Each structure stands twice: as structure tokens, then as C-alpha cells.
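What follows is a short report on a single structure.
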Amino acid sequence: TTVMTVVIGFEGSANKIGVGIVRDGEVLSNPRRTYITPPGQGFLPSETARHHRSVILTVLKEALEEAGLKPADVDCVAYTKGPGMGAPLVTVALVARTVAQLWGKPLLGVNHCIGHIEMGRLITQANNPTVLYVSGGNTQVIAYSERRYRIFGETIDIAVGNCLDRFARVIKISNDPSPGYNIEQMAKKGTQYVELPYTVKGMDVSFSGILSYIEVRSGKMLKCNQCTAEDLCFSLQEILFSMLVEITERAMAHCSSQEVLIVGGVGCNLRLQEMMGVMCKERGAKLFATDESFCIDNGAMIAQAGWEMFRSGQTTELSDSWITQRYRTDEVEVTWRD
């Protein structure tokens, strides 16, 4: 019998805190909590870190109990090294470091973006996809080449999810369960398309101008009954997602790729999946996407990327177990793929 490898993963780079356990491609447990703020507000690093501190041990206990495992059964402790918000990252890394020492297990710092990609590959079984990684903090088009996940295109200012979240704040949409989910539901009722600036720059995209454009005009338009809040949600989604489909298609053409994998929190959005699906169908390509349990930040994705890294011989020394708010996807040598 082959010895199975069990990895526990700690994720807390933004407003979600998750602990997941993976054993040879099987997700044994993946509990998560979300820090939700009132309408009109975002989440601040220090308060988000305080939230994570208050629940992380409960979530850890849930992860072990749900998996039916004891600390002795774990082979490696993986945690998010970055990118993300400094205070929440430090909070979670501190707990990961502590349990690794208490349990006498090796530690492994994982790139958050690569966590999303590896989880997407595991769940969908996509072979070598062009990846669109879209979330509140990141927007990148990625493809694997020569032991790196190469960034073919990206946002030059804010992430697509940040654009949506901040628009939700402007028109006071609830952050429960998430602003993006609530925009998606409202957009289904939109009937009128409001023109917004379309800004693709070669392989890259820009969202901050669209956000300020809609921020400045939305109040007046809603007051004068020129359109509804639903129309604005619909229009914003359409323009943002059209831009993302364009740069994804350009990367596919460049790589002669026949697969697209959408990962990250915005990847839950069914309208984005639908638009990407139309483009893929036209090209005879396949679209892969995951549901909210794996799209949205979670511990299992860090465990899965950690599993791949650990199996290929990587570990992180305690003296090297810092975190970083900036950590490029292409900085990591991919030792687990040919």
C-alpha cells in the first residue's frame, strides 16, 4: 500500500478565514467563516485580523473533527504566504507556525493565486487550461509554461471584484453573503443597458476608470429615474465580463489553448461563466469552473497546493516563514508539473 499524504491548509488573506484538510486529492474538510461588514463599508485589515483571531481555533477544531483526524495524522502544515492584506495574513501565519511547532510537522508557505489554480485543476480535472483568476484582490490571465504560471494579462489598477464590491458600497447593497452575489441577483432584473467605458489595453484591463465613471453618475441617474439600480448592476457586469472574456480569448489564441478554467471568488458568477461559455463554444474549447465552496477563498485550496509542493520536496524553514502582501504568481517555481 502507498502511504497517503495529509496536508492541512490555513487561508486568511482577506475577509474569509478557512482551514482545509486534503488527503491525496480528496477534500476531507473545509470549514470557513466570513467577516461581513455593514452596507456602504469595506473590510479594514486590523478589524479583519481581529475577526480571524476570534474564530480561527474554532475553525481549526471543526476541520480536524469533520475530517476525523488527529494532529498526528497530518504530514504538513500549509499556510497562505501572500498576496493579501498584511494583518490578516500575519494572524493566520502565526497560528500555522504555532501548530506546526506544537505538532512537530513541516511548514509550507503557499502562494494564494497558485492555491486557486491547483484547487481548480483538482476539482475540474482540467488538463492544461488558460486560467482566468478573478477575485476581490486579483485579476490575472495565467497559463503554465516551463515550470512557471505565466501572467499573460492582468489588471493595471484594481481587481474586477474590487470594482464590483465598491460599486455595491456606493449604492448601499448588502455585503451578506457577499456584495458580488447580491449584484449578480439584482443584475438579473436589469432591462436597460447603460453605456460605460470599455478599457482593454492589449492583454491588460483597467477597472478604476469604469468605477469612478459609474460612481459619479449613478446618484444622479437613480434620482432622475433614468435607470434603476438593477440596470446599473446589469450594465456593470456586462462591460466588466466582456473585457475579461476578450483578454482570456486573446491568451487562448496566443497559447493555442482549448481549455479555460475560471477561478477566484468572481468565478462563482454564473453570468461570467455564461459569457465565457459562449466564447469557448465559438472556438470549440472547453470551459471549466467551480462552485462557491472552492471558488471563494478556502483552506482546502492552500492544502491542495501545499500537497503538490510537499510531494515534490518543498518545505519552508521556520526562519523563512514570513508573509508578504505582494507575491507574484510567476515568482513560484512549479516543481510538481512537467
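The way I read the labels, and the way they are meant: chains A, B, ... in the order of the C-alpha cells, residue 1 as the first residue of every chain, and ligand 1 as the first ligand shown, with later ones counted on from there.
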Item to check | Those of region 128-219 of chain A in DSSP alpha helix (DSSP H), formatted as number ranges by chain | outcome: A: 160-170, 179-187, 208-219
Next on the checklist: For Leu270 (chain A), find every residue with an atom within 10 Å (counting only C-alpha atoms), except residues of its own chain fewer than 5 positions away, and show them as a list in words.
Outcome noted: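 In the requested form, the answer reads Tyr181, Glu184, Met275, Met276, Ala289 and Asp291 of chain A.
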Checklist entry - Between A:Glu154, A:Glu11, A:Asp330, A:Glu317, which is the closest to Tyr133 (chain A) once you count only C-alpha atoms? => result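 Among the listed residues, the smallest separation from Tyr133 (chain A) belongs to A:Glu154.
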Checklist entry - Of the candidates A:Arg217, A:Lys105, A:Lys201, A:Lys61, which one gets nearest to Gly153 (chain A) if we count only C-alpha atoms? => result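 Nearest candidate to Gly153 (chain A) out of A:Arg217, A:Lys105, A:Lys201, A:Lys61: A:Lys201.
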Checklist entry - From the set A:Val334, A:His116, A:Met85, A:Phe234, which residue has the shortest atom-to-atom contact distance to Leu44 (chain A), counting only C-alpha atoms? => result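 Counting only C-alpha atoms, the residue closest to Leu44 (chain A) is A:Met85.
Distance check against Gly306 (chain A) using only C-alpha atoms: of A:Thr335, A:Ser135, A:Ser256, A:Ser235, the minimum falls on A:Thr335.
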Item to check | For Glu118 (chain A): contacts at 8 Å, only C-alpha atoms, fewer than 2 positions along chain excluded, given as an MDAnalysis selection string | outcome: chainID A and resid 114:116 120:122 301 304:305
Checklist entry - Can you tell me, as number ranges by chain, what residues are no more than 7 Å from Ala49 (chain A) when counting only C-alpha atoms, ignoring any on the same chain fewer than 2 positions away? => result A: 45-47, 51-53, 87-88, 91
Saved selection, atoms kept: C-alpha atoms, as a PDB file, in the first residue's frame:
ATOM      1  CA  PRO A  45      -7.072  44.999   7.756  1.00  0.00           C
ATOM      2  CA  SER A  46      -6.921  45.354  11.557  1.00  0.00           C
ATOM      3  CA  GLU A  47     -10.606  44.557  12.090  1.00  0.00           C
ATOM      4  CA  HIS A  51     -12.247  38.614  13.288  1.00  0.00           C
ATOM      5  CA  HIS A  52      -9.855  35.868  12.133  1.00  0.00           C
ATOM      6  CA  ARG A  53      -8.204  35.699  15.563  1.00  0.00           C
ATOM      7  CA  ALA A  87      -2.666  41.985   9.259  1.00  0.00           C
ATOM      8  CA  PRO A  88      -4.931  39.016   8.416  1.00  0.00           C
ATOM      9  CA  THR A  91      -2.623  36.420  12.165  1.00  0.00           C
TER      10      THR A  91
END
Item to check | Residue set, region 186-327 of chain A restricted to strand (DSSP E), as a list in words | outcome: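 So the strand (DSSP E) residues in region 186-327 of chain A would be Val200, Lys201, Asp204, Val205, Glu259, Val260, Leu261, Ile262, Val263, Lys286, Leu287, Phe288 and Ala289 of chain A.
What separates CA of Arg32 (chain A) from CA of Gly299 (chain A) is a distance of 7.6 Å.
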